[in-house]
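Q: What follows is a structure written as structure tokens; I'll ask about it next.
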Amino acid sequence: MSNKRNLKKYIRRVCGDLAAEIVYAANVNEEYSIDKVRNIVGKIAELQCVALDRATFAYDKVARDFDNAKEYNKAKAAYNKKAYKHLIDEFNASVKTIVKAMNEARPKK
């Protein structure tokens with residue numbers, strides 16, 4: 001993600017699509033357990049809230065800690081890139097867990 005705004009849009013879009021998919025599937029196929037669907041939608045909502053809260057992070061150093069602005073900007077960019085990557089990796093791992101739960105909630109035929 002190039003910035004926090006796009007990261008938050010990505011999180012909202014993925015969570016919204018997951019929730020819509022499980023609700024749609026439950027409405028089309030009446031054999032889905034409503035309790036399982038509610039539980040999964042709750043997990044999706046929790047994931048979205050946690051991920052959006054964690055999307056805001058701050059670099060713990062100031063420009064005065066560096067010899068010049070170029071070094072500060074380079075260090076800050078590296079920090080942000082690492083933080084974004086870590087957040088996205090954790091988010092995607094949680095999404096995989098939720099998708100697995102969605103597949104397990106499918107009625108067996």
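Naming scheme: A, B, ... for chains in displayed order of the structure tokens; residues 1 onward per chain; ligands 1 onward as shown.
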Can you pull out every residue within 10 Å of Ile88 (chain A), counting only C-alpha atoms, but drop anything in the same chain fewer than 6 positions away, and send it as a PyMOL selection string?

A: chain A and resi 1+7+10-11+51+55+82+94

Q: Which residues come within 10 Å of Thr56 (chain A), counting only C-alpha atoms, excluding same-chain residues fewer than 4 positions away, as a list in words?

A: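 After dropping sequence-adjacent residues, the list is Lys4, Lys8, Ala51, Leu52, Ala83 and Tyr84 of chain A.
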
Q: Mind checking which residues fall within 9 Å of Ala105 (chain A), counting only C-alpha atoms, ignoring those fewer than 4 positions away in the same chain, and posting them as a list of chain:residue names?

A: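 Listing them by chain and then by number gives A:Tyr32, A:Ser33, A:Lys36, A:Val37, A:Ile40, A:Lys100, A:Ala101.
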
Q: Would you give me, as a PyMOL selection string, the residues in chain A that DSSP reads as helix (DSSP H, G or I)?

A: chain A and resi 4-28+34-54+63-65+69-105

Q: Just write the chosen residues, C-alpha atoms, as a compact mmCIF listing (two decimals), in the first residue's frame.

A:
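The result, stored in part_6.txt:
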```txt
# COMPACT_ATOMS: atom_id res chain seq x y z
CA LYS A 4 -2.67 4.83 5.00
CA ARG A 5 -5.76 5.90 3.07
CA ASN A 6 -5.35 3.13 0.49
CA LEU A 7 -4.55 0.61 3.22
CA LYS A 8 -7.76 1.42 5.07
CA LYS A 9 -9.77 1.23 1.83
CA TYR A 10 -8.25 -2.19 1.15
CA ILE A 11 -9.16 -3.43 4.64
CA ARG A 12 -12.75 -2.17 4.39
CA ARG A 13 -13.19 -3.59 0.89
CA VAL A 14 -11.90 -7.05 1.77
CA CYS A 15 -13.92 -7.28 4.98
CA GLY A 16 -17.06 -5.99 3.26
CA ASP A 17 -16.68 -8.50 0.44
CA LEU A 18 -16.16 -11.38 2.87
CA ALA A 19 -19.22 -10.45 4.91
CA ALA A 20 -21.36 -9.97 1.81
CA GLU A 21 -20.25 -13.33 0.42
CA ILE A 22 -21.16 -15.33 3.54
CA VAL A 23 -24.49 -13.51 3.99
CA TYR A 24 -25.38 -14.03 0.33
CA ALA A 25 -24.47 -17.71 0.50
CA ALA A 26 -26.58 -18.16 3.63
CA ASN A 27 -29.56 -16.46 1.98
CA VAL A 28 -29.29 -18.56 -1.18
CA ILE A 34 -27.45 -18.97 11.11
CA ASP A 35 -25.33 -19.17 14.28
CA LYS A 36 -22.21 -20.04 12.27
CA VAL A 37 -22.90 -17.22 9.82
CA ARG A 38 -23.36 -14.72 12.66
CA ASN A 39 -20.16 -15.92 14.28
CA ILE A 40 -18.21 -15.53 11.03
CA VAL A 41 -19.63 -12.06 10.35
CA GLY A 42 -18.69 -11.10 13.92
CA LYS A 43 -15.13 -12.30 13.31
CA ILE A 44 -15.00 -10.27 10.10
CA ALA A 45 -16.23 -7.14 11.90
CA GLU A 46 -13.68 -7.67 14.67
CA LEU A 47 -10.90 -8.16 12.12
CA GLN A 48 -11.87 -4.93 10.37
CA CYS A 49 -11.92 -2.91 13.60
CA VAL A 50 -8.60 -4.28 14.80
CA ALA A 51 -6.89 -3.84 11.43
CA LEU A 52 -8.15 -0.27 11.05
CA ASP A 53 -6.96 0.59 14.56
CA ARG A 54 -3.55 -0.88 13.83
CA ALA A 63 14.36 14.70 12.29
CA ARG A 64 16.74 16.10 14.91
CA ASP A 65 17.96 12.55 15.62
CA ALA A 69 16.52 15.42 6.40
CA LYS A 70 17.40 12.93 3.67
CA GLU A 71 18.53 10.30 6.20
CA TYR A 72 15.44 10.93 8.32
CA ASN A 73 13.09 10.56 5.36
CA LYS A 74 14.86 7.39 4.23
CA ALA A 75 14.64 5.82 7.71
CA LYS A 76 11.00 6.86 8.10
CA ALA A 77 10.09 5.41 4.70
CA ALA A 78 11.81 2.12 5.56
CA TYR A 79 9.95 1.99 8.90
CA ASN A 80 6.59 2.67 7.25
CA LYS A 81 7.21 0.07 4.55
CA LYS A 82 8.07 -2.57 7.14
CA ALA A 83 5.05 -1.67 9.30
CA TYR A 84 2.65 -1.76 6.33
CA LYS A 85 4.02 -5.11 5.23
CA HIS A 86 3.70 -6.58 8.71
CA LEU A 87 0.11 -5.34 9.07
CA ILE A 88 -0.89 -6.63 5.63
CA ASP A 89 0.71 -10.03 6.28
CA GLU A 90 -1.17 -10.40 9.58
CA PHE A 91 -4.40 -9.19 7.96
CA ASN A 92 -4.09 -11.67 5.10
CA ALA A 93 -3.38 -14.52 7.54
CA SER A 94 -6.56 -13.63 9.44
CA VAL A 95 -8.51 -13.47 6.17
CA LYS A 96 -7.30 -16.98 5.30
CA THR A 97 -8.54 -18.21 8.67
CA ILE A 98 -11.94 -16.62 8.09
CA VAL A 99 -12.21 -18.05 4.58
CA LYS A 100 -11.41 -21.48 6.01
CA ALA A 101 -14.23 -21.01 8.55
CA MET A 102 -16.55 -19.92 5.74
CA ASN A 103 -15.75 -23.10 3.80
CA GLU A 104 -16.33 -25.24 6.88
CA ALA A 105 -19.71 -23.56 7.42
```
